[in-house]
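Notes follow once the structure below has been shown.
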There are 6 protein chains.
Amino acid sequence: MMNVYPFVAIVGQEMLKKSLILNVINPGLSGVLIRGDKGTAKSTAVRALADLLPEIAVVDGDPFQSDPADPKTMAPDVRARFAAGEDLPVRRRKVRVVELPISATEDRVVGTLDLERALKEGRKTIEPGLLASAHRGILYVDEVNLLDDHVVDVLLDSAAMGVNTVEREGISFSHAARFTLIGTMNPEEGELRPQLLDRFGLCVHVAGLNTPQERVEVVKRRAAFEENPESFAERWGEETAHLRDAVAAAIRLCPEVRASDEILLSIAERALKLGVDGHRADIVTLKAAKALAAWNGRDAVTLVDVDAAASLALAHRMRRRPFEDVLGPHAA
Amino acid sequence: MMNVYPFVAIVGQEMLKKSLILNVINPGLSGVLIRGDKGTAKSTAVRALADLLPEIAVVDGDPFQSDPADPKTMAPDVRARFAAGEDLPVRRRKVRVVELPISATEDRVVGTLDLERALKEGRKTIEPGLLASAHRGILYVDEVNLLDDHVVDVLLDSAAMGVNTVEREGISFSHAARFTLIGTMNPEEGELRPQLLDRFGLCVHVAGLNTPQERVEVVKRRAAFEENPESFAERWGEETAHLRDAVAAAIRLCPEVRASDEILLSIAERALKLGVDGHRADIVTLKAAKALAAWNGRDAVTLVDVDAAASLALAHRMRRRPFEDVLGPHAA
Amino acid sequence: MMNVYPFVAIVGQEMLKKSLILNVINPGLSGVLIRGDKGTAKSTAVRALADLLPEIAVVDGDPFQSDPADPKTMAPDVRARFAAGEDLPVRRRKVRVVELPISATEDRVVGTLDLERALKEGRKTIEPGLLASAHRGILYVDEVNLLDDHVVDVLLDSAAMGVNTVEREGISFSHAARFTLIGTMNPEEGELRPQLLDRFGLCVHVAGLNTPQERVEVVKRRAAFEENPESFAERWGEETAHLRDAVAAAIRLCPEVRASDEILLSIAERALKLGVDGHRADIVTLKAAKALAAWNGRDAVTLVDVDAAASLALAHRMRRRPFEDVLGPHAA
Amino acid sequence: MMNVYPFVAIVGQEMLKKSLILNVINPGLSGVLIRGDKGTAKSTAVRALADLLPEIAVVDGDPFQSDPADPKTMAPDVRARFAAGEDLPVRRRKVRVVELPISATEDRVVGTLDLERALKEGRKTIEPGLLASAHRGILYVDEVNLLDDHVVDVLLDSAAMGVNTVEREGISFSHAARFTLIGTMNPEEGELRPQLLDRFGLCVHVAGLNTPQERVEVVKRRAAFEENPESFAERWGEETAHLRDAVAAAIRLCPEVRASDEILLSIAERALKLGVDGHRADIVTLKAAKALAAWNGRDAVTLVDVDAAASLALAHRMRRRPFEDVLGPHAA
Amino acid sequence: MMNVYPFVAIVGQEMLKKSLILNVINPGLSGVLIRGDKGTAKSTAVRALADLLPEIAVVDGDPFQSDPADPKTMAPDVRARFAAGEDLPVRRRKVRVVELPISATEDRVVGTLDLERALKEGRKTIEPGLLASAHRGILYVDEVNLLDDHVVDVLLDSAAMGVNTVEREGISFSHAARFTLIGTMNPEEGELRPQLLDRFGLCVHVAGLNTPQERVEVVKRRAAFEENPESFAERWGEETAHLRDAVAAAIRLCPEVRASDEILLSIAERALKLGVDGHRADIVTLKAAKALAAWNGRDAVTLVDVDAAASLALAHRMRRRPFEDVLGPHAA
Amino acid sequence: MMNVYPFVAIVGQEMLKKSLILNVINPGLSGVLIRGDKGTAKSTAVRALADLLPEIAVVDGDPFQSDPADPKTMAPDVRARFAAGEDLPVRRRKVRVVELPISATEDRVVGTLDLERALKEGRKTIEPGLLASAHRGILYVDEVNLLDDHVVDVLLDSAAMGVNTVEREGISFSHAARFTLIGTMNPEEGELRPQLLDRFGLCVHVAGLNTPQERVEVVKRRAAFEENPESFAERWGEETAHLRDAVAAAIRLCPEVRASDEILLSIAERALKLGVDGHRADIVTLKAAKALAAWNGRDAVTLVDVDAAASLALAHRMRRRPFEDVLGPHAA
């Protein structure tokens, strides 16, 4: 409904932009947490991301975004049609960014069952929720640290099982719900529950720009955009097209990227030295490094990729040390 | 229903009056927070503002205030009629001030869906809420720091997305909801949540007048008004008309106002020196300075405009410093 | 339902009685807060006040107490009949004292909409609440500091806007609701929210009498009243009639009372010296002083009136100083 | 349903027994609060009181206990029949002791309106609550300090106004509700809200007996009662009859008892010396002293009566001093 | 549903077993609180008790366990049939142990009224709760200190009045509800409310056994029981039969047991010396001592019985002294 | 729905894997609590366990998993059919792992009764909950320390009684519900309630691996699994088959395993020395030792088995000592 500010027109904030692009290249990174002051480009960047997203194939008319190529994760009725040999109608569309407002009720997130119709018509009638819309896409939560506890529980269950279950008075309905979770937060207003923190593959700290010249540039571009969004978008059109092509190329290259044993050892040693919890850190670092390599057009991970990936994947998983010490230099 | 005290008859309180007028000149300033003691002219000034508001065009009969010139933000059924080529009926009316009482329920703010009728008649039947009424106008919250948390969440979601979503048992309905938010608060009764604070473009501190002569004048005018509101309004009629014309002229001039690079740099340096969060501060300062220039009949921003704008836009965005130190001299 | 103890038979407590009488003379004083120990004459005095109240004209049969002379504040259906040229039936009755019990629900205070009938019969069917009954009268809350927060919110909204809004599932109905708010409280059981405190025009402190002779008189009269309320009332009948006449005369005189500039200046200086918040204090002091002058049969305010008025209007509006220091001497 | 232990068979506890008898002699004392250890005779004494209660006349078949001699306090429909000249059927029955269990809901205490029937049959159908049953009788609350806050609010409203109001969705129904409130509490489990404390006319402290001989007597009588309640009651029958006659005589004499001015002065001085709040203390002391005089067969209050009355009426109304110091000697 | 471990096969824990047996011999002891570590034989012993319980006569088909010999405590409809001269059908069955799960709702404990049927069929239709099932039997609450406050209130009301009242929207139904209350608790997880503590006649502390030999015996018997519960029960059959006969004999003898005045004096002195609250302690000690005498086949209480009874009845009623000091030696 | 990572491909974490296998060998161990950092293999291991589970016989079509060989624990209607001599249809299927999401409502866990149908059709219509599905299987709760208190109560009741009761408005339905409870928790986010802790037979602490080589192996296998789960499973197929056979053999052998008196004494002495609560510890240690012996192909318990069993069964039952001290070395 609103005109979207172009991703490429965002001044500075390289770490933020990179972390978002890496998640587009490899959705297996399962999201990024953007920490930072109010009034920085956090929301702008996430909304702008829509421009860069690739297309996916979905079963046409299915509110659960079923993948025509993966029967195991299809919605129950789609799977039944597939099993019955029906030739499912397929539509290609862009990966979606679904916004989860902090005032959203659990019902809106999970979906609801219309019990009366279910009883009357003898079949489950589900009103899909935001988790159904976000399946195979991006779920964006602004001020994620202010989310209601019940909604956080639902996100965690869904992230853990890849499934969302709608229930009412004992009748239930399940569908696949896997998404890239992008959240922003202002640490002044409280921290995240540790489990939710751990669900974000990457974490980046964002601060206001600190040279007057950059700040002037921000204000100028914003004013130009507000005055005439269409012509502003046009002005940045070519650069946007280039970025989109680069992302598409990286998506194609990423599965081919390989990492040597030396690289893997380097990742493990880093995690051990920093005192990181568990193994998810190592796995995410490797995935981010591969996505970075692909982004740089290489089919092998280098130590430079590992350095950059570790700075995004490890800091929020360290035990008992303040974030700021570690994130400070990268954020600067 | 009540007789309104004329804006021009308010004694003193220049900063308060200026901050309100600037928001009328440029609604992009997105509101003002009025902090101050009880019993000052806070509510009086906001209600009096109605006299000075310009007219806008709305689709006649549409409870969602659709703009006949902007299909993207029309209410769904209006947009459908527009798309079908219907010649929409247009009515011009004043910009509205909608009051949000602190006892208002979330339902009253957001609106409700009549589910039974929706089911029976097969189409969504919405009872519009205060956010629908306030679209393209002013939403006024007296004692905004006492608002229920759920209602604050709804205001924040609406401010962030420009959209309000009504839902009930999984059925939902969305409409555009953009408004200038004006709030008053008495800091003795608790502070605002930081996010909500940040949503107010400007912030002004109001105190009781401190010369006996001014206080006598306040009492005299109030007594005269209460004795005979109509004749009181008449007495101030000419001055009101002048102010209204001046506001109208400024509204017309504002889009033409330009700011030099030197001005922009000065704004950025100020924000950096004061340690303000993010970039919204710079953008609001520029907008306020432009509105001030227009108010003064100039088509270029001067450093004097920046000074005045910064005093309204920056103080409530500074980190870790008490308000009083900064606001004190301006408020005096 | 109960026999009422005569106002004139209350022993001592001159400040309490005066503050109540002033509110009858000028309802614009908007009420009085009576602070004091349990078991003093607080409730007795308020209930006894009924005897002294003047008559007003109301539209007969209208549960919203519409004033036949003020179309702007009429209930919607009455206004419609008025607009249609109907000759509204008028009834004269005494100003009412409506009691708000502390166990009252928000529904009982605000009123309710009978939604089913509304839907079936196609028109709003409202069950008026206590605010409808109290319009143009006195709303009395015993132990006002124990009132439920939701009910306080409703009182504040109504006091601020002069309007009460009944709503249910998005359907709403508004009617005028202006009243003199009289509350009692025992400070041992907690203080008032500052906003609610500010809504009371006057504040008076009540303590038990401290000479044995007065206490004996209290007990004797109480015993006589309980033994035979009718004969007791008769015994005080003449004195009651005198007081009623004096009140009626003061009501007629009050609008004629004038205050010199010297008087106004004296009020403003007093407020500034005591560090009172805002300007409501000055305005209330002036009104109380005028009512006092009328009570004393004068058509001009004197400094003695100001002294007495200030002792009732200022103490509860001072910043950061304990009540007791200021109220002590007056209460003694 | 249970066999009741005879009042006269309670060992010791003279203050407790006296305070209960005084309330039977003069219901205007409005109750007694019994503070003390668990396992003392508190509940036993209250239940045993039933034996001593006088008869009253009620309108037969009326669940609201309407007094056929007092139209002002009749239930609405009874008053209507009375007004229509109907010869109301009268029944004499004992004053009742109604128990309020601490798990009682507000509905059970207040009563409910059957809205559906009310709508269907066009008249208010009320299901009377415990307050209706207790009207003109005794309301007994064991462990009164554990009562739910909502129920306490309802008791306070009813005690303050003498009226109980049942409401549901805006429809309401009121009936007279005046009762003697008897409560027990174990101070170890928390104190009473000050207002509720003040509603009890008298207060008595009860402790276990402290000679082995008395304790043996308690155990013996209890064992005899449990073994054969009927024969036990018979054994105490004569003593019970004597007490019942003595109470009846005192009830008749009480209204004739007079107090000299010297007596009244002595009461007032006592209250002032002890720093008691307000005047209710003086009034209750006088009433208790009169009841004591009547109990002793005298028609004039003596200073000895005042001494005994004051020990029951004043201690729980003193400010800022521990109960124990004052109650200790009397309770011993 | 589960196989029950035989009471006689429990290793050690003599105090626990004795306190349970005493309650079977004399239900007037009104229960026992079993305090102790997790994993001791607490639940096992209570469930095993079922084997030892005597038979009672009940009105066949009555869910309220009406006693055919006691019209006063019959359920209303049974009493009506009795009054109408019906020859009530009688059934003999064992005293029941009813378990109250900590997740039980108040409805499940109290029972519910089916209002719709009540209205339609014009008579009260009650769904009996656990209190109805437990009448005249044993109510067992595992982890009684974790019970919901509302359920505790209901238990206390029922224990105090011997009656349970089911109500819904003003319609109510009462039935007798007297039971022996047996509760277990682990003091690590919080103490009991003092009132509930006082409702248990006896209290016993249970700890794990502290010789390796006893512990091995526990493990061996448990393993044998789990392997083949039927043959295990058979192995202990004779011992169980002996115990059952001994209990039955004690039940018959108990009402004949007498206590001399010397014994009574000794009980009273003990209670006074220990600073026990009230008189319930003395009464319970006497009852327990009589049950012990009966258990030992004597028809007169000895000082040895008093010693043992006091150790079970007094410790949890002492004021301001830690349990452990007193219970320690007895529990060892 | 998801591809499951093979149990045998988990790197390291021997204690974790052993504790799970022991519970499969002897379900009487009643579960294991897995404490540890986030991102370790906790969930992976539990889900992988499904591969190793044996088959059981269930009554076909019965949602309550009735055992055709155990009439006492059959669901009511199945028992009725069995009693009527019906030849129940039997199906063999694998023991199930049922996941309990932390957002699950009490209804979903317990099941619900469809009251309307129950009333209309005259028979209880139950919608079985997770406890019905988990009967005779494994109930898995990820982040068990975050479970809602009401759900914990339900689990405890079910664990204590072996029965689950569904109720609604007084109608209730019970079915057997016995399960192995497996929970994971991150101690950083709060501890378990002591009772729930005690319900887990075993407890194991899991930490991240601490050699770079092992960490690399974890990452390599994970990457291989994500790239192609099917071929990964195939690669580990033989090893999985071996493990499954070993488990099946141990299940058969376990009931034959015997423990000498020396072994039993050693267990008891250990428990006494460590200051463990109650006797459940001894019993669980014995069962775990027997399962270990069976796992090692022996039919007699050795002291080595006791050592290993005690390290899993005793630490979480010790009083007042930090877990870490005891678990540290075993977890390393």
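In the structure tokens, chains take the letters A, B, ... in the order shown, each chain's residues start at 1, and ligands count up from 1 in the order shown.
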### Task
Using DSSP on the backbone coordinates, identify all residues within segment 14-177 of chain E classified as alpha helix (DSSP H); present the result as a VMD selection string.
chain E and resid 14 to 25 42 to 48 76 to 83 106 to 110 115 to 121 130 to 134 149 to 161
### Message
Could you tell me which residues of chain A sit within 7 Å of chain B when counting only C-alpha atoms, and give me the result as an MDAnalysis selection string?
### Response
chainID A and resid 1 37:40 101:103 107:108 111:112 127 207:208 210 212:213 215:216 219
Generate the output file for the selected residues, N, CA and C atoms, as a CSV table (one decimal), in the first residue's frame.
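Saved result, result-v9.csv, follows:
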chain,number,residue,atom,x,y,z
A,1,MET,N,0.8,-1.2,0.0
A,1,MET,CA,0.0,0.0,0.0
A,1,MET,C,0.9,1.3,0.0
A,37,ASP,N,19.4,1.6,17.7
A,37,ASP,CA,18.7,2.8,18.1
A,37,ASP,C,17.4,2.9,17.3
A,38,LYS,N,16.4,3.6,17.9
A,38,LYS,CA,15.3,4.0,17.1
A,38,LYS,C,15.6,5.0,16.0
A,39,GLY,N,14.9,5.0,14.9
A,39,GLY,CA,15.1,6.0,13.9
A,39,GLY,C,16.3,5.7,13.0
A,40,THR,N,16.9,4.5,13.1
A,40,THR,CA,17.8,4.1,12.1
A,40,THR,C,17.1,3.4,11.0
A,101,PRO,N,2.4,-7.6,13.4
A,101,PRO,CA,2.3,-6.4,14.2
A,101,PRO,C,2.4,-6.8,15.7
A,102,ILE,N,2.9,-5.9,16.6
A,102,ILE,CA,3.1,-6.4,18.0
A,102,ILE,C,1.7,-6.5,18.7
A,103,SER,N,0.7,-5.9,18.1
A,103,SER,CA,-0.6,-6.0,18.7
A,103,SER,C,-1.4,-7.3,18.2
A,107,ASP,N,-4.5,-15.7,17.9
A,107,ASP,CA,-5.4,-16.2,16.9
A,107,ASP,C,-4.9,-15.8,15.5
A,108,ARG,N,-4.6,-14.5,15.4
A,108,ARG,CA,-4.2,-14.0,14.1
A,108,ARG,C,-2.9,-14.6,13.6
A,111,GLY,N,-3.9,-18.7,13.2
A,111,GLY,CA,-5.1,-19.0,12.4
A,111,GLY,C,-6.2,-19.6,13.3
A,112,THR,N,-7.4,-19.7,12.8
A,112,THR,CA,-8.5,-20.2,13.6
A,112,THR,C,-9.3,-21.3,12.9
A,127,GLU,N,-9.3,-20.7,9.0
A,127,GLU,CA,-9.0,-19.4,8.5
A,127,GLU,C,-7.5,-19.2,8.8
A,207,ALA,N,23.7,1.4,14.3
A,207,ALA,CA,23.7,2.7,15.0
A,207,ALA,C,23.5,3.8,14.0
A,208,GLY,N,23.2,5.0,14.4
A,208,GLY,CA,23.1,6.1,13.5
A,208,GLY,C,24.4,6.4,12.9
A,210,ASN,N,27.7,8.5,11.8
A,210,ASN,CA,28.3,9.6,12.6
A,210,ASN,C,29.2,10.6,11.9
A,212,PRO,N,28.6,14.1,9.7
A,212,PRO,CA,27.6,15.1,9.2
A,212,PRO,C,27.3,14.8,7.7
A,213,GLN,N,28.3,14.5,6.9
A,213,GLN,CA,28.1,14.4,5.5
A,213,GLN,C,27.1,13.2,5.2
A,215,ARG,N,24.9,12.0,7.2
A,215,ARG,CA,23.6,12.4,7.8
A,215,ARG,C,22.8,13.3,6.8
A,216,VAL,N,23.6,14.2,6.2
A,216,VAL,CA,22.9,15.1,5.2
A,216,VAL,C,22.4,14.3,4.1
A,219,VAL,N,19.2,12.6,4.9
A,219,VAL,CA,18.1,13.6,4.9
A,219,VAL,C,17.7,14.0,3.5
### Task
Rounded to one decimal place, report the atom CA of Leu181 of chain B-atom CA of Ala159 of chain B distance in Å.
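Between atom CA of Leu181 of chain B and atom CA of Ala159 of chain B the gap works out to 9.0 Å.
Shortest atom-to-atom contact with Ala48 of chain D among D:Thr240, D:Ser174, D:Thr285, D:Thr302: D:Thr240, counting only C-alpha atoms.
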### Message
Please report the interatomic distance between atom CA of Pro128 of chain F and atom CA of Glu106 of chain F in Å with one decimal.
### Response
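Computing the Euclidean distance for atom CA of Pro128 of chain F and atom CA of Glu106 of chain F yields 12.1 Å.
Going from atom CA of Leu146 of chain C to atom CA of Val32 of chain C covers 16.6 Å.
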### Message
Applying 10 Å and only C-alpha atoms, which residues near Val98 of chain C remain after dropping the ones on its own chain fewer than 2 positions away? List them as a list in words.
### Response
Arg47, Val95, Arg96, Leu100, Pro101, Leu130, Leu131, Ala132, Ser133, Ala134, His135, Gly137, Ile138, Leu139, Tyr140, Val141, Phe179 and Leu181 of chain C
### Query
What residues in segment 75-240 of chain E get the DSSP label strand (DSSP E)? Please answer as number ranges by chain.
E: 90-94, 97-99, 111-113, 126-128, 137-141, 163-168, 171-176, 179-185, 202-206
### Task
Tell me, as a PyMOL selection string, which residues lie within 10 Å of segment 13-19 of chain E, counting only C-alpha atoms; anything in the same chain fewer than 2 positions away does not count.
chain E and resi 7-8+10-11+21-24+29+31-35+40-42+45-46+49+201-209+288+292+295+308-309+311-313+330-332
The selected residues should be written to file as a short mmCIF file (atom, residue, chain, number, x, y, z; two decimals), in the first residue's frame (atoms: N, CA and C atoms).
data_model
loop_
_atom_site.label_atom_id
_atom_site.label_comp_id
_atom_site.auth_asym_id
_atom_site.auth_seq_id
_atom_site.Cartn_x
_atom_site.Cartn_y
_atom_site.Cartn_z
N PHE E 7 -0.79 -52.57 52.64
CA PHE E 7 -0.45 -51.71 53.77
C PHE E 7 0.59 -52.38 54.66
N VAL E 8 0.38 -53.66 54.92
CA VAL E 8 1.27 -54.36 55.85
C VAL E 8 2.67 -54.58 55.29
N ILE E 10 4.50 -52.28 53.89
CA ILE E 10 5.29 -51.05 53.96
C ILE E 10 6.35 -51.21 55.05
N VAL E 11 7.60 -50.92 54.70
CA VAL E 11 8.70 -51.09 55.64
C VAL E 11 8.78 -49.87 56.57
N ILE E 21 -4.33 -45.46 60.77
CA ILE E 21 -5.21 -46.43 61.42
C ILE E 21 -6.11 -45.74 62.45
N LEU E 22 -5.54 -44.79 63.21
CA LEU E 22 -6.36 -44.09 64.21
C LEU E 22 -7.53 -43.37 63.55
N ASN E 23 -7.30 -42.81 62.37
CA ASN E 23 -8.39 -42.13 61.67
C ASN E 23 -9.46 -43.09 61.18
N VAL E 24 -9.06 -44.30 60.89
CA VAL E 24 -10.07 -45.30 60.50
C VAL E 24 -10.88 -45.70 61.74
N LEU E 29 -11.52 -37.87 64.25
CA LEU E 29 -10.20 -37.23 64.29
C LEU E 29 -10.00 -36.28 63.11
N GLY E 31 -8.80 -36.46 60.15
CA GLY E 31 -7.74 -36.47 59.17
C GLY E 31 -6.33 -36.36 59.70
N VAL E 32 -5.39 -36.49 58.74
CA VAL E 32 -3.99 -36.42 59.09
C VAL E 32 -3.22 -35.76 57.95
N LEU E 33 -2.26 -34.91 58.36
CA LEU E 33 -1.37 -34.29 57.38
C LEU E 33 -0.04 -35.01 57.45
N ILE E 34 0.41 -35.48 56.28
CA ILE E 34 1.67 -36.23 56.22
C ILE E 34 2.73 -35.37 55.57
N ARG E 35 3.67 -34.90 56.38
CA ARG E 35 4.75 -34.05 55.87
C ARG E 35 5.97 -34.91 55.60
N THR E 40 9.03 -40.92 49.62
CA THR E 40 8.79 -41.82 50.76
C THR E 40 7.43 -42.47 50.54
N ALA E 41 6.97 -43.24 51.50
CA ALA E 41 5.82 -44.09 51.24
C ALA E 41 4.48 -43.39 51.40
N LYS E 42 4.47 -42.02 51.37
CA LYS E 42 3.25 -41.31 51.69
C LYS E 42 2.03 -41.76 50.87
N ALA E 45 0.97 -45.48 51.25
CA ALA E 45 0.27 -45.83 52.49
C ALA E 45 -1.20 -45.43 52.42
N VAL E 46 -1.47 -44.24 51.89
CA VAL E 46 -2.87 -43.79 51.86
C VAL E 46 -3.68 -44.69 50.94
N LEU E 49 -4.50 -47.96 52.41
CA LEU E 49 -5.46 -47.92 53.50
C LEU E 49 -6.81 -48.52 53.12
N GLY E 201 -6.65 -33.21 62.02
CA GLY E 201 -6.61 -33.60 63.42
C GLY E 201 -5.18 -33.93 63.84
N LEU E 202 -4.52 -34.75 63.03
CA LEU E 202 -3.17 -35.19 63.37
C LEU E 202 -2.17 -34.74 62.31
N CYS E 203 -0.91 -34.78 62.69
CA CYS E 203 0.15 -34.44 61.73
C CYS E 203 1.34 -35.33 62.01
N VAL E 204 1.92 -35.88 60.96
CA VAL E 204 3.05 -36.79 61.14
C VAL E 204 4.14 -36.44 60.13
N HIS E 205 5.38 -36.57 60.60
CA HIS E 205 6.50 -36.27 59.72
C HIS E 205 7.13 -37.58 59.24
N VAL E 206 7.39 -37.67 57.95
CA VAL E 206 7.91 -38.90 57.38
C VAL E 206 9.25 -38.62 56.71
N ALA E 207 10.24 -39.45 56.97
CA ALA E 207 11.53 -39.30 56.30
C ALA E 207 11.93 -40.64 55.70
N GLY E 208 12.90 -40.61 54.83
CA GLY E 208 13.41 -41.86 54.27
C GLY E 208 14.04 -42.69 55.40
N LEU E 209 14.05 -43.99 55.21
CA LEU E 209 14.65 -44.87 56.21
C LEU E 209 16.16 -44.67 56.20
N ALA E 288 -7.71 -39.13 69.99
CA ALA E 288 -6.63 -39.99 69.50
C ALA E 288 -6.21 -40.97 70.60
N LEU E 292 -6.29 -44.99 70.40
CA LEU E 292 -5.09 -45.78 70.68
C LEU E 292 -5.39 -46.86 71.73
N TRP E 295 -7.25 -49.51 70.10
CA TRP E 295 -6.30 -50.25 69.25
C TRP E 295 -5.50 -51.26 70.07
N ALA E 308 1.50 -40.74 73.23
CA ALA E 308 1.54 -41.02 71.79
C ALA E 308 0.57 -40.09 71.05
N ALA E 309 -0.62 -39.91 71.59
CA ALA E 309 -1.62 -39.07 70.93
C ALA E 309 -1.13 -37.63 70.84
N SER E 311 1.84 -36.52 70.66
CA SER E 311 2.92 -36.34 69.68
C SER E 311 2.34 -36.20 68.28
N LEU E 312 1.14 -36.71 68.06
CA LEU E 312 0.50 -36.59 66.74
C LEU E 312 -0.40 -35.37 66.65
N ALA E 313 -0.94 -34.92 67.78
CA ALA E 313 -1.99 -33.91 67.74
C ALA E 313 -1.53 -32.51 68.09
N HIS E 330 10.23 -37.82 67.33
CA HIS E 330 9.15 -38.77 67.05
C HIS E 330 9.27 -39.36 65.67
N ALA E 331 9.73 -38.52 64.75
CA ALA E 331 9.81 -38.98 63.36
C ALA E 331 10.96 -39.95 63.16
N ALA E 332 11.95 -39.90 64.05
CA ALA E 332 13.15 -40.73 63.85
C ALA E 332 12.84 -42.21 64.08
#
